[in-house]
$ cat coords-v6.txt   # compact mmCIF, C-alpha atoms and all ligand atoms
# COMPACT_ATOMS: atom_id res chain seq x y z
CA MET Z 1 13.61 44.49 11.99
CA PRO Z 2 11.65 44.58 8.75
CA THR Z 3 13.51 42.93 5.89
CA VAL Z 4 11.30 44.11 3.05
CA LEU Z 5 10.31 47.57 1.88
CA GLU Z 6 7.41 48.82 3.99
CA SER Z 7 6.19 51.99 2.33
CA THR Z 8 5.64 51.00 -1.30
CA PRO Z 9 5.21 47.40 -2.37
CA PRO Z 10 7.98 46.16 -4.64
CA PRO Z 11 7.07 45.86 -8.31
CA PRO Z 12 6.45 42.31 -9.49
CA PRO Z 13 9.65 40.66 -10.66
CA SER Z 14 10.40 40.96 -14.38
CA PRO Z 15 11.63 37.96 -16.31
CA LYS Z 16 15.40 37.85 -16.29
CA GLY Z 17 16.83 39.62 -19.33
CA LEU Z 18 13.36 41.15 -19.97
CA GLU Z 19 12.42 38.01 -21.90
CA GLY Z 20 9.01 38.35 -23.49
CA VAL Z 21 8.57 41.96 -22.29
CA VAL Z 22 7.01 44.26 -24.87
CA ALA Z 23 8.85 47.53 -24.22
CA THR Z 24 7.53 49.78 -26.96
CA GLN Z 25 5.40 50.05 -30.07
CA SER Z 26 7.26 50.18 -33.35
CA SER Z 27 6.38 50.11 -37.02
CA ILE Z 28 9.90 49.36 -38.25
CA CYS Z 29 10.51 45.65 -37.85
CA TYR Z 30 8.96 42.54 -36.31
CA VAL Z 31 10.28 39.08 -35.45
CA PHE Z 32 7.72 36.25 -35.53
CA GLY Z 33 9.58 33.92 -33.19
CA GLU Z 34 7.37 30.84 -33.49
CA GLU Z 35 7.11 30.88 -37.27
CA GLY Z 36 10.66 32.07 -37.96
CA ARG Z 37 9.53 35.10 -39.94
CA LEU Z 38 11.03 38.57 -40.11
CA ILE Z 39 9.54 41.69 -41.65
CA TYR Z 40 10.91 45.19 -42.25
CA ARG Z 41 8.10 47.76 -42.55
CA GLY Z 42 5.72 44.96 -43.61
CA TYR Z 43 8.02 43.42 -46.23
CA ASP Z 44 9.17 39.84 -45.74
CA ILE Z 45 12.93 39.51 -45.35
CA HIS Z 46 13.03 36.80 -48.05
CA ASP Z 47 11.45 39.19 -50.53
CA LEU Z 48 13.96 41.91 -49.67
CA ALA Z 49 16.95 39.55 -49.72
CA GLU Z 50 15.95 38.35 -53.16
CA HIS Z 51 14.97 41.61 -54.81
CA SER Z 52 16.21 44.64 -52.85
CA THR Z 53 19.56 46.30 -52.32
CA PHE Z 54 21.09 47.50 -49.06
CA GLU Z 55 20.63 51.14 -50.08
CA GLU Z 56 16.94 50.58 -50.86
CA THR Z 57 16.44 48.65 -47.61
CA ALA Z 58 18.11 51.39 -45.56
CA TYR Z 59 15.78 53.93 -47.17
CA LEU Z 60 12.80 51.68 -46.38
CA LEU Z 61 13.80 51.44 -42.72
CA LEU Z 62 14.39 55.18 -42.38
CA GLN Z 63 11.43 56.46 -44.39
CA GLY Z 64 8.86 53.70 -43.91
CA ALA Z 65 8.25 53.03 -47.63
CA LEU Z 66 10.24 51.71 -50.55
CA PRO Z 67 11.69 54.59 -52.58
CA THR Z 68 10.59 55.50 -56.06
CA ARG Z 69 13.34 55.39 -58.66
CA ASP Z 70 14.03 59.13 -58.18
CA GLN Z 71 13.95 58.92 -54.39
CA LEU Z 72 16.45 56.07 -54.44
CA LYS Z 73 18.68 57.97 -56.84
CA ALA Z 74 18.65 61.01 -54.56
CA PHE Z 75 19.32 58.86 -51.48
CA VAL Z 76 22.30 57.20 -53.17
CA VAL Z 77 23.65 60.60 -54.25
CA ASP Z 78 23.36 61.79 -50.62
CA LEU Z 79 25.15 58.67 -49.37
CA LYS Z 80 27.95 59.05 -51.90
CA ALA Z 81 28.38 62.73 -51.05
CA ALA Z 82 28.82 61.83 -47.37
CA GLN Z 83 31.30 58.92 -47.69
CA LYS Z 84 34.51 60.84 -47.06
CA LEU Z 85 35.61 61.19 -43.46
CA PRO Z 86 36.03 64.55 -41.76
CA LYS Z 87 39.65 65.39 -40.79
CA VAL Z 88 39.01 65.04 -37.06
CA VAL Z 89 37.71 61.51 -37.58
CA GLN Z 90 40.66 60.62 -39.80
CA ARG Z 91 42.93 61.78 -36.99
CA VAL Z 92 41.15 59.62 -34.40
CA ILE Z 93 41.64 56.61 -36.65
CA LYS Z 94 45.29 57.44 -37.31
CA ASP Z 95 45.96 57.85 -33.58
CA ALA Z 96 44.39 54.50 -32.66
CA PRO Z 97 46.92 51.78 -31.78
CA LEU Z 98 47.42 49.41 -34.71
CA THR Z 99 46.40 46.56 -32.44
CA ALA Z 100 43.10 48.17 -31.41
CA SER Z 101 39.91 46.22 -31.94
CA PRO Z 102 38.16 47.64 -35.02
CA MET Z 103 34.89 47.78 -33.05
CA ASN Z 104 36.56 50.01 -30.44
CA VAL Z 105 38.00 52.24 -33.16
CA LEU Z 106 34.59 52.42 -34.81
CA ARG Z 107 32.83 53.33 -31.57
CA THR Z 108 35.38 56.02 -30.73
CA ALA Z 109 35.39 57.50 -34.23
CA VAL Z 110 31.59 57.61 -34.43
CA SER Z 111 31.52 59.36 -31.09
CA ALA Z 112 34.13 61.87 -32.32
CA SER Z 113 32.34 62.52 -35.61
CA VAL Z 114 29.70 64.58 -33.82
CA PHE Z 115 32.35 67.31 -33.23
CA VAL Z 116 32.13 68.35 -36.86
CA ASP Z 117 28.70 67.14 -37.86
CA PRO Z 118 27.06 69.97 -39.81
CA ASP Z 119 23.80 69.35 -37.91
CA LYS Z 120 25.25 68.98 -34.42
CA GLY Z 121 22.93 70.39 -31.79
CA ASP Z 122 19.93 70.20 -34.12
CA ASP Z 123 17.70 67.30 -33.15
CA SER Z 124 14.89 68.03 -35.61
CA ALA Z 125 13.71 65.07 -37.65
CA ALA Z 126 15.20 66.59 -40.81
CA ALA Z 127 18.61 67.10 -39.18
CA GLU Z 128 18.57 63.60 -37.68
CA SER Z 129 17.73 62.10 -41.07
CA ARG Z 130 20.78 63.86 -42.52
CA LYS Z 131 22.91 62.55 -39.63
CA ALA Z 132 21.61 59.05 -40.38
CA VAL Z 133 22.72 59.35 -44.01
CA ARG Z 134 26.19 60.50 -42.92
CA LEU Z 135 26.54 57.64 -40.43
CA ILE Z 136 25.43 55.00 -42.94
CA ALA Z 137 27.77 56.47 -45.55
CA GLN Z 138 30.80 56.83 -43.29
CA LEU Z 139 30.92 53.59 -41.32
CA PRO Z 140 32.36 51.55 -44.25
CA THR Z 141 35.00 54.24 -44.96
CA LEU Z 142 35.90 54.39 -41.31
CA ILE Z 143 36.43 50.65 -40.85
CA ALA Z 144 38.28 50.29 -44.15
CA SER Z 145 40.57 53.25 -43.34
CA PHE Z 146 41.59 51.75 -40.02
CA HIS Z 147 42.08 48.35 -41.60
CA ARG Z 148 44.43 49.72 -44.25
CA LEU Z 149 46.37 51.85 -41.79
CA ARG Z 150 46.99 48.90 -39.48
CA ASN Z 151 48.34 46.99 -42.48
CA GLY Z 152 50.70 49.84 -43.32
CA GLN Z 153 48.63 50.85 -46.37
CA LYS Z 154 47.15 54.19 -47.36
CA PRO Z 155 43.38 54.45 -46.87
CA LEU Z 156 41.51 54.50 -50.16
CA THR Z 157 38.90 57.02 -51.10
CA PRO Z 158 35.48 55.57 -51.97
CA ARG Z 159 35.20 54.72 -55.64
CA ARG Z 160 32.50 56.04 -57.93
CA GLY Z 161 30.13 53.57 -59.53
CA LEU Z 162 30.22 51.05 -56.69
CA ASN Z 163 27.39 50.45 -54.26
CA LEU Z 164 28.02 50.51 -50.52
CA ALA Z 165 28.78 46.78 -50.23
CA ALA Z 166 31.16 46.68 -53.20
CA ASN Z 167 32.82 49.88 -52.09
CA PHE Z 168 33.55 48.45 -48.67
CA LEU Z 169 35.20 45.38 -50.20
CA TYR Z 170 37.16 47.64 -52.53
CA MET Z 171 38.25 49.96 -49.73
CA ILE Z 172 39.60 47.13 -47.55
CA SER Z 173 41.39 45.22 -50.32
CA GLY Z 174 42.14 47.76 -53.05
CA VAL Z 175 40.53 45.41 -55.56
CA VAL Z 176 37.10 45.89 -57.12
CA PRO Z 177 35.21 42.76 -55.99
CA ASP Z 178 33.68 40.30 -58.41
CA ALA Z 179 29.93 40.41 -58.85
CA ALA Z 180 29.27 37.33 -56.69
CA ALA Z 181 31.20 38.69 -53.69
CA ALA Z 182 29.61 42.14 -53.97
CA GLN Z 183 26.14 40.57 -54.25
CA ALA Z 184 26.76 38.28 -51.26
CA LEU Z 185 27.80 41.18 -49.05
CA ASP Z 186 24.87 43.28 -50.25
CA VAL Z 187 22.44 40.49 -49.28
CA ALA Z 188 24.21 40.06 -45.92
CA LEU Z 189 23.77 43.79 -45.27
CA ILE Z 190 20.05 43.57 -46.08
CA LEU Z 191 19.68 40.64 -43.67
CA HIS Z 192 21.44 42.43 -40.80
CA ALA Z 193 19.82 45.85 -41.19
CA ASP Z 194 17.28 45.61 -38.38
CA HIS Z 195 15.93 43.13 -35.89
CA GLU Z 196 13.31 44.76 -33.73
CA LEU Z 197 14.36 45.31 -30.09
CA ASN Z 198 17.67 43.44 -30.11
CA ALA Z 199 20.17 44.50 -27.44
CA SER Z 200 21.98 47.21 -29.42
CA THR Z 201 18.78 48.73 -30.81
CA PHE Z 202 17.21 48.76 -27.36
CA ALA Z 203 20.36 50.45 -26.04
CA ALA Z 204 20.08 53.06 -28.81
CA ARG Z 205 16.42 53.71 -27.96
CA VAL Z 206 17.12 54.03 -24.24
CA ILE Z 207 19.83 56.60 -24.99
CA ALA Z 208 17.69 58.43 -27.54
CA ALA Z 209 14.77 58.54 -25.07
CA THR Z 210 16.80 60.83 -22.79
CA LEU Z 211 16.81 63.20 -25.81
CA ALA Z 212 20.49 62.51 -26.29
CA ASP Z 213 21.55 62.88 -29.91
CA MET Z 214 21.84 60.34 -32.68
CA HIS Z 215 25.63 60.03 -32.46
CA GLY Z 216 25.37 59.24 -28.75
CA ALA Z 217 22.71 56.60 -29.37
CA VAL Z 218 24.73 54.98 -32.18
CA THR Z 219 27.91 55.04 -30.07
CA GLY Z 220 26.07 53.17 -27.29
CA ALA Z 221 24.59 50.74 -29.78
CA LEU Z 222 28.06 49.99 -31.15
CA ALA Z 223 29.26 49.17 -27.65
CA ALA Z 224 26.35 46.75 -27.19
CA LEU Z 225 26.83 45.13 -30.59
CA ALA Z 226 30.45 44.25 -29.88
CA GLY Z 227 29.58 41.67 -27.19
CA PRO Z 228 29.90 37.96 -28.08
CA LEU Z 229 26.30 37.24 -27.13
CA HIS Z 230 25.23 39.75 -29.80
CA GLY Z 231 27.14 40.92 -32.89
CA GLY Z 232 30.46 39.61 -31.63
CA ALA Z 233 29.24 36.03 -32.15
CA ASN Z 234 30.12 35.89 -35.87
CA ALA Z 235 33.87 36.17 -35.29
CA GLU Z 236 33.62 33.61 -32.46
CA VAL Z 237 31.95 31.17 -34.87
CA MET Z 238 34.89 31.42 -37.24
CA LYS Z 239 37.39 30.93 -34.43
CA MET Z 240 35.51 27.74 -33.55
CA LEU Z 241 35.58 26.49 -37.16
CA LEU Z 242 39.31 27.18 -37.41
CA GLU Z 243 39.90 25.30 -34.18
CA ILE Z 244 37.86 22.31 -35.40
CA GLY Z 245 39.72 22.41 -38.72
CA THR Z 246 38.29 19.36 -40.50
CA PRO Z 247 34.81 17.82 -40.81
CA ASN Z 248 35.85 14.53 -39.18
CA ARG Z 249 36.63 16.38 -35.92
CA ALA Z 250 33.40 18.38 -35.82
CA GLU Z 251 30.96 16.05 -34.05
CA ALA Z 252 33.35 15.08 -31.25
CA TRP Z 253 34.37 18.72 -30.78
CA VAL Z 254 30.78 19.94 -30.37
CA ARG Z 255 29.82 17.07 -28.08
CA ALA Z 256 32.83 17.77 -25.87
CA ALA Z 257 31.98 21.49 -25.71
CA LEU Z 258 28.36 20.73 -24.82
CA ALA Z 259 29.49 18.27 -22.15
CA GLN Z 260 31.52 21.13 -20.64
CA LYS Z 261 28.30 23.24 -20.68
CA GLU Z 262 29.88 25.63 -23.17
CA LYS Z 263 27.76 27.69 -25.50
CA ILE Z 264 28.21 27.05 -29.20
CA MET Z 265 28.43 30.41 -30.91
CA GLY Z 266 25.96 31.05 -33.71
CA PHE Z 267 23.19 28.99 -32.09
CA GLY Z 268 20.14 29.90 -30.08
CA HIS Z 269 18.06 33.02 -30.02
CA ARG Z 270 15.97 34.89 -27.50
CA VAL Z 271 12.97 35.16 -29.83
CA TYR Z 272 13.16 32.51 -32.57
CA ARG Z 273 11.89 29.08 -31.60
CA THR Z 274 12.65 27.72 -35.04
CA GLU Z 275 15.19 28.57 -37.71
CA ASP Z 276 16.24 32.19 -38.03
CA PRO Z 277 14.94 33.10 -41.51
CA ARG Z 278 18.17 35.01 -42.26
CA ALA Z 279 20.25 31.86 -41.84
CA ALA Z 280 18.77 30.22 -44.97
CA HIS Z 281 20.26 32.90 -47.24
CA LEU Z 282 23.62 32.87 -45.51
CA ARG Z 283 23.76 29.06 -45.57
CA ARG Z 284 23.27 29.11 -49.34
CA MET Z 285 25.90 31.85 -49.84
CA SER Z 286 28.38 30.11 -47.55
CA GLU Z 287 28.03 26.87 -49.52
CA GLU Z 288 28.30 28.56 -52.94
CA LEU Z 289 31.17 30.90 -52.13
CA GLY Z 290 33.05 28.22 -50.16
CA ARG Z 291 32.84 25.83 -53.10
CA LYS Z 292 34.00 28.52 -55.56
CA ALA Z 293 36.88 29.50 -53.27
CA GLY Z 294 38.03 25.88 -53.01
CA GLN Z 295 37.22 25.81 -49.29
CA PRO Z 296 34.13 23.61 -49.02
CA HIS Z 297 35.23 22.15 -45.67
CA TRP Z 298 33.97 25.07 -43.56
CA PHE Z 299 30.47 24.49 -44.82
CA ALA Z 300 30.85 20.74 -44.30
CA ILE Z 301 31.92 21.31 -40.68
CA GLN Z 302 28.97 23.62 -40.15
CA GLN Z 303 26.49 21.10 -41.50
CA ILE Z 304 27.70 18.60 -38.91
CA ILE Z 305 27.54 21.14 -36.08
CA GLU Z 306 24.02 22.15 -37.13
CA ASP Z 307 22.92 18.55 -37.12
CA VAL Z 308 24.39 17.81 -33.68
CA MET Z 309 22.92 20.99 -32.17
CA ARG Z 310 19.47 20.20 -33.46
CA ARG Z 311 19.58 16.59 -32.24
CA GLU Z 312 21.24 17.23 -28.89
CA LYS Z 313 19.90 20.63 -27.87
CA GLY Z 314 16.94 21.32 -30.17
CA LEU Z 315 18.71 24.57 -31.11
CA TYR Z 316 18.84 26.21 -34.53
CA CYS Z 317 21.55 28.40 -35.95
CA ASN Z 318 21.17 32.16 -36.05
CA VAL Z 319 22.36 34.89 -38.43
CA ASP Z 320 25.94 34.73 -37.15
CA PHE Z 321 26.60 31.07 -37.93
CA TYR Z 322 26.86 31.11 -41.71
CA SER Z 323 27.80 34.78 -42.06
CA ALA Z 324 31.12 33.78 -40.45
CA SER Z 325 32.14 31.29 -43.14
CA THR Z 326 30.66 33.48 -45.90
CA TYR Z 327 32.95 36.36 -44.90
CA TYR Z 328 35.92 34.04 -44.35
CA VAL Z 329 35.90 32.60 -47.86
CA MET Z 330 35.58 36.17 -49.18
CA GLY Z 331 38.96 36.81 -47.52
CA ILE Z 332 37.63 39.22 -44.90
CA PRO Z 333 39.65 39.28 -41.64
CA LEU Z 334 37.81 37.90 -38.61
CA ASP Z 335 37.81 41.09 -36.60
CA LEU Z 336 35.93 42.92 -39.37
CA TYR Z 337 32.89 40.62 -39.16
CA THR Z 338 31.23 42.52 -36.32
CA PRO Z 339 32.04 45.91 -37.91
CA ILE Z 340 30.29 44.62 -41.06
CA PHE Z 341 27.25 43.87 -38.90
CA ALA Z 342 27.48 47.50 -37.71
CA ILE Z 343 27.73 48.87 -41.28
CA SER Z 344 24.32 47.37 -41.86
CA ARG Z 345 22.63 47.71 -38.46
CA VAL Z 346 23.37 51.43 -38.23
CA SER Z 347 20.47 51.90 -40.66
CA GLY Z 348 18.13 50.17 -38.20
CA TRP Z 349 19.53 52.04 -35.20
CA CYS Z 350 18.98 55.38 -36.92
CA ALA Z 351 15.43 54.43 -37.91
CA HIS Z 352 14.70 53.52 -34.28
CA VAL Z 353 16.20 56.77 -32.96
CA LEU Z 354 14.01 58.73 -35.37
CA GLU Z 355 10.95 56.73 -34.30
CA GLN Z 356 11.80 57.18 -30.61
CA HIS Z 357 12.23 60.93 -30.98
CA ALA Z 358 9.01 61.27 -32.99
CA ASP Z 359 6.95 60.14 -29.98
CA ASN Z 360 9.28 60.19 -27.03
CA ARG Z 361 8.95 59.18 -23.44
CA LEU Z 362 11.89 58.52 -21.13
CA ILE Z 363 12.57 54.77 -20.79
CA ARG Z 364 12.99 54.19 -17.08
CA PRO Z 365 11.93 50.81 -15.72
CA ARG Z 366 12.09 49.68 -12.08
CA ALA Z 367 14.23 47.13 -10.30
CA GLU Z 368 12.96 44.59 -7.82
CA TYR Z 369 15.07 45.34 -4.77
CA VAL Z 370 16.56 42.20 -3.24
CA GLY Z 371 19.39 43.79 -1.21
CA PRO Z 372 19.75 44.29 2.56
CA MET Z 373 17.56 46.73 4.50
CA ASN Z 374 17.75 48.99 7.50
CA ARG Z 375 21.51 48.97 7.96
CA THR Z 376 23.12 51.55 10.21
CA TRP Z 377 26.29 53.41 9.25
CA ILE Z 378 29.24 52.67 11.57
CA PRO Z 379 32.72 54.27 11.56
CA PRO Z 380 35.40 52.46 9.51
CA GLY Z 381 37.36 51.41 12.64
CA ARG Z 382 34.39 49.41 13.96
CA ARG Z 383 33.65 47.59 10.68
CA GLY Z 384 34.59 44.06 9.83
C1 LIG T 401 21.46 34.24 -28.28
C2 LIG T 401 21.47 33.91 -26.80
C3 LIG T 401 22.29 34.97 -26.06
C4 LIG T 401 20.02 33.93 -26.29
O1 LIG T 401 20.12 33.80 -24.92
P1 LIG T 401 18.89 33.52 -23.94
O2 LIG T 401 17.58 33.74 -24.61
O3 LIG T 401 19.18 34.30 -22.72
O4 LIG T 401 19.00 31.98 -23.68
P2 LIG T 401 19.89 31.30 -22.57
O5 LIG T 401 21.31 31.71 -22.70
O6 LIG T 401 19.23 31.50 -21.25
O7 LIG T 401 19.76 29.79 -23.00
C5 LIG T 401 18.62 28.95 -22.75
C6 LIG T 401 19.10 27.49 -22.70
O8 LIG T 401 19.61 27.13 -23.99
C7 LIG T 401 21.00 26.83 -23.92
N1 LIG T 401 21.66 27.52 -25.02
C8 LIG T 401 21.29 28.69 -25.61
N2 LIG T 401 22.13 29.01 -26.59
C9 LIG T 401 23.05 28.03 -26.61
C10 LIG T 401 24.16 27.80 -27.40
N3 LIG T 401 24.51 28.68 -28.35
N4 LIG T 401 24.90 26.70 -27.18
C11 LIG T 401 24.56 25.82 -26.22
N5 LIG T 401 23.49 25.98 -25.43
C12 LIG T 401 22.75 27.07 -25.61
C13 LIG T 401 21.49 27.44 -22.61
O9 LIG T 401 22.61 26.80 -22.11
C14 LIG T 401 20.27 27.28 -21.74
O10 LIG T 401 20.19 25.93 -21.33
P3 LIG T 401 19.77 25.56 -19.83
O11 LIG T 401 18.36 26.07 -19.70
O12 LIG T 401 19.92 24.08 -19.77
O13 LIG T 401 20.71 26.30 -18.93
C15 LIG T 401 22.06 32.50 -26.56
O14 LIG T 401 21.35 31.55 -27.33
C16 LIG T 401 23.54 32.46 -26.88
O15 LIG T 401 24.37 32.80 -26.02
N6 LIG T 401 23.93 32.06 -28.12
C17 LIG T 401 25.32 32.06 -28.51
C18 LIG T 401 25.77 33.46 -28.92
C19 LIG T 401 25.16 33.88 -30.22
O16 LIG T 401 25.17 33.14 -31.20
N7 LIG T 401 24.68 35.12 -30.23
C20 LIG T 401 24.11 35.73 -31.43
C21 LIG T 401 22.62 35.89 -31.29
S1 LIG T 401 21.90 36.44 -32.81
$ encode --input "coords-v6.txt" --output "structure tokens" --more "lines below"
Ligand SMILES: CC(C)(COP(=O)(O)OP(=O)(O)OC[C@H]1O[C@@H](n2cnc3c(N)ncnc32)[C@H](O)[C@@H]1OP(=O)(O)O)[C@@H](O)C(=O)NCCC(=O)NCCS
Amino acid sequence: MPTVLESTPPPPPSPKGLEGVVATQSSICYVFGEEGRLIYRGYDIHDLAEHSTFEETAYLLLQGALPTRDQLKAFVVDLKAAQKLPKVVQRVIKDAPLTASPMNVLRTAVSASVFVDPDKGDDSAAAESRKAVRLIAQLPTLIASFHRLRNGQKPLTPRRGLNLAANFLYMISGVVPDAAAAQALDVALILHADHELNASTFAARVIAATLADMHGAVTGALAALAGPLHGGANAEVMKMLLEIGTPNRAEAWVRAALAQKEKIMGFGHRVYRTEDPRAAHLRRMSEELGRKAGQPHWFAIQQIIEDVMRREKGLYCNVDFYSASTYYVMGIPLDLYTPIFAISRVSGWCAHVLEQHADNRLIRPRAEYVGPMNRTWIPPGRRG
């Protein structure tokens, strides 16, 4: 009996997890893994983190160029006009159990928002750009609404005069944030906005390549982002820091976890072989905000973990490591960390869907078949 396929030779095996595979061309974002560099549309992430705003960066990702003053003004006006949630989406959020994971509520509400999208059924580039604006504008309102409802509070309407980052902080807490907190979140949003073919973006492109619509692609991307190996890692980092509790316990805790072959959340990366360039900004913000909040010990614990991980495993921290403590000292609940990632990354997802649709081909790879061959069906009574 032959045990391998006879007619067509099997394709050569792909590296597990598609490591190193170049799956598409893109002009949106590139990760230089060896050097630890990241660019959006040709601009270095450090330059954008220092000088840009999230709104400007989202425009850059979607349109390919930095906006002029007037273009940015118009983009911000469009975002502001789209911030309120349609009734059907409000109802989905209200009907969600109070104990639901905010990422699950977000995914379900985004999926439902297509029911009433003014451009539903129109997949032209112009219509998809308008959908992108609505998604970017509505994700913060959506998360904040659910958060307030689960705390027995009335959702707040977005406030005029605040940018997207400050508005989100206002809508979850009811308090206009101070300049340092608003600036820190704005920078965090810039840093998370895109990252080439990460798992959620690849998922979005695979969905978009079937000519499914933008809401479908973003819904799938949200599902992928929620996993702890991807966007879910930031909340896991904070759980670890809370469990460690004090700096004097940190080294022994990490060594014990490594001895058990456990993964330390917030470390390692598929592409970077050196420090993730986004971590430098978050490390600085975590230290500054932690000190100001009278909670410098989280940063102190993290410094020890970083040191042990570099010495013992040769691993560097990624974007999720210091974003965790940055958000914690800002008073943001743990289960909103990954939704914050989504508030930012939706801009990248939408840019990738637009790019995919502009020059589409179905994404359909092959599998190397390693299962049994030439089996014969037998009736249930004769099996076993
Ligand atoms: C990001 C990540 C999924 C990349 O995965 P990957 O490229 O498939 O790498 P692998 O999981 O195969 O890891 C390669 C080796 O490094 C080790 N490693 C990777 N990340 C590690 C971590 N965070 N802690 C401890 N060891 C780690 C693995 O155990 C493995 O060692 P081995 O070869 O001795 O078995 C992985 O580093 C990870 O799980 N990190 C923690 C979750 C996280 O922070 N995710 C956010 C990413 S931005």
$ closest_residue --input "coords-v6.txt" --among "Z:Ser27, Z:Thr201, Z:Thr376, Z:Gln302" --to "Z:Ile39" --atoms "all atoms listed in the file"
Z:Ser27
$ closest_atom_pairs --input "coords-v6.txt" --of "chain Z" --to "ligand LIG 401 (chain T)" --cutoff "6 Å" --atoms "all atoms listed in the file" --output "CSV"
residue,atom,partner,partner_atom,distance
Z:Leu229,CA,T:LIG401,N7,4.1
Z:His230,CA,T:LIG401,C20,4.5
Z:Ala233,CA,T:LIG401,C19,5.0
Z:Lys263,CA,T:LIG401,N4,3.5
Z:Ile264,CA,T:LIG401,N4,3.9
Z:Met265,CA,T:LIG401,C17,4.3
Z:Gly266,CA,T:LIG401,O16,3.4
Z:Phe267,CA,T:LIG401,N3,4.0
Z:Gly268,CA,T:LIG401,O14,3.4
Z:His269,CA,T:LIG401,C1,4.0
Z:Arg270,CA,T:LIG401,O2,3.5
Z:Asn318,CA,T:LIG401,S1,5.4
Z:Val319,CA,T:LIG401,S1,5.8
$ write_last_selection --input "coords-v6.txt" --atoms "C-alpha atoms" --output "PDB file, in the frame of the given file"
ATOM      1  CA  LEU Z 229      26.300  37.240 -27.130  1.00  0.00           C
ATOM      2  CA  HIS Z 230      25.230  39.750 -29.800  1.00  0.00           C
ATOM      3  CA  ALA Z 233      29.240  36.030 -32.150  1.00  0.00           C
ATOM      4  CA  LYS Z 263      27.760  27.690 -25.500  1.00  0.00           C
ATOM      5  CA  ILE Z 264      28.210  27.050 -29.200  1.00  0.00           C
ATOM      6  CA  MET Z 265      28.430  30.410 -30.910  1.00  0.00           C
ATOM      7  CA  GLY Z 266      25.960  31.050 -33.710  1.00  0.00           C
ATOM      8  CA  PHE Z 267      23.190  28.990 -32.090  1.00  0.00           C
ATOM      9  CA  GLY Z 268      20.140  29.900 -30.080  1.00  0.00           C
ATOM     10  CA  HIS Z 269      18.060  33.020 -30.020  1.00  0.00           C
ATOM     11  CA  ARG Z 270      15.970  34.890 -27.500  1.00  0.00           C
ATOM     12  CA  ASN Z 318      21.170  32.160 -36.050  1.00  0.00           C
ATOM     13  CA  VAL Z 319      22.360  34.890 -38.430  1.00  0.00           C
TER      14      VAL Z 319
END
$ atom_distance --input "coords-v6.txt" --atom1 "atom CA of Z:Thr210" --atom2 "atom CA of Z:Leu197"
17.3 Å
$ atom_distance --input "coords-v6.txt" --atom1 "atom CA of Z:Ala204" --atom2 "atom CA of Z:Val353"
6.8 Å
$ closest_residue --input "coords-v6.txt" --among "Z:Ala82, Z:Gly17, Z:Phe321, Z:Ile28" --to "Z:Ala65" --atoms "all atoms listed in the file"
Z:Ile28
$ closest_residue --input "coords-v6.txt" --among "Z:Met330, Z:Glu196, Z:Arg273, Z:Val237" --to "Z:Thr24" --atoms "all atoms listed in the file"
Z:Glu196
$ closest_residue --input "coords-v6.txt" --among "Z:Ala280, Z:Val114, Z:Val254, Z:Ile172" --to "Z:Arg148" --atoms "all atoms listed in the file"
Z:Ile172
$ residues_near_point --input "coords-v6.txt" --point "(34.8, 14.3, -44.6)" --cutoff "10 Å" --atoms "all atoms listed in the file" --output "list of chain:residue names"
Z:Thr246, Z:Pro247, Z:Asn248, Z:Arg249, Z:Ala250, Z:His297, Z:Ala300, Z:Ile301
$ axis_aligned_box --input "coords-v6.txt" --around "stretch 361-369 of chain Z" --padding-each-side "4 Å" --output "AutoDock Vina command-line options"
--center_x 12.0 --center_y 51.9 --center_z -14.1 --size_x 14.1 --size_y 22.6 --size_z 26.7
$ closest_residue --input "coords-v6.txt" --among "Z:Ala221, Z:Leu169, Z:Ala256, Z:Ile343" --to "Z:Asn198" --atoms "only C-alpha atoms"
Z:Ala221
$ closest_atom_pairs --input "coords-v6.txt" --of "stretch 317-368 of chain Z" --to "stretch 101-112 of chain Z" --cutoff "9 Å" --atoms "only C-alpha atoms" --output "JSON lines"
{"residue": "Z:Asp335", "atom": "CA", "partner": "Z:Pro102", "partner_atom": "CA", "distance": 6.7}
{"residue": "Z:Leu336", "atom": "CA", "partner": "Z:Pro102", "partner_atom": "CA", "distance": 6.8}
{"residue": "Z:Thr338", "atom": "CA", "partner": "Z:Met103", "partner_atom": "CA", "distance": 7.2}
{"residue": "Z:Pro339", "atom": "CA", "partner": "Z:Met103", "partner_atom": "CA", "distance": 5.9}
{"residue": "Z:Ala342", "atom": "CA", "partner": "Z:Met103", "partner_atom": "CA", "distance": 8.8}
$ atom_distance --input "coords-v6.txt" --atom1 "atom CA of Z:Glu287" --atom2 "atom CA of Z:Phe299"
5.8 Å
$ closest_residue --input "coords-v6.txt" --among "Z:Val92, Z:Ile136, Z:Val22, Z:Ala324" --to "Z:Phe54" --atoms "all atoms listed in the file"
Z:Ile136
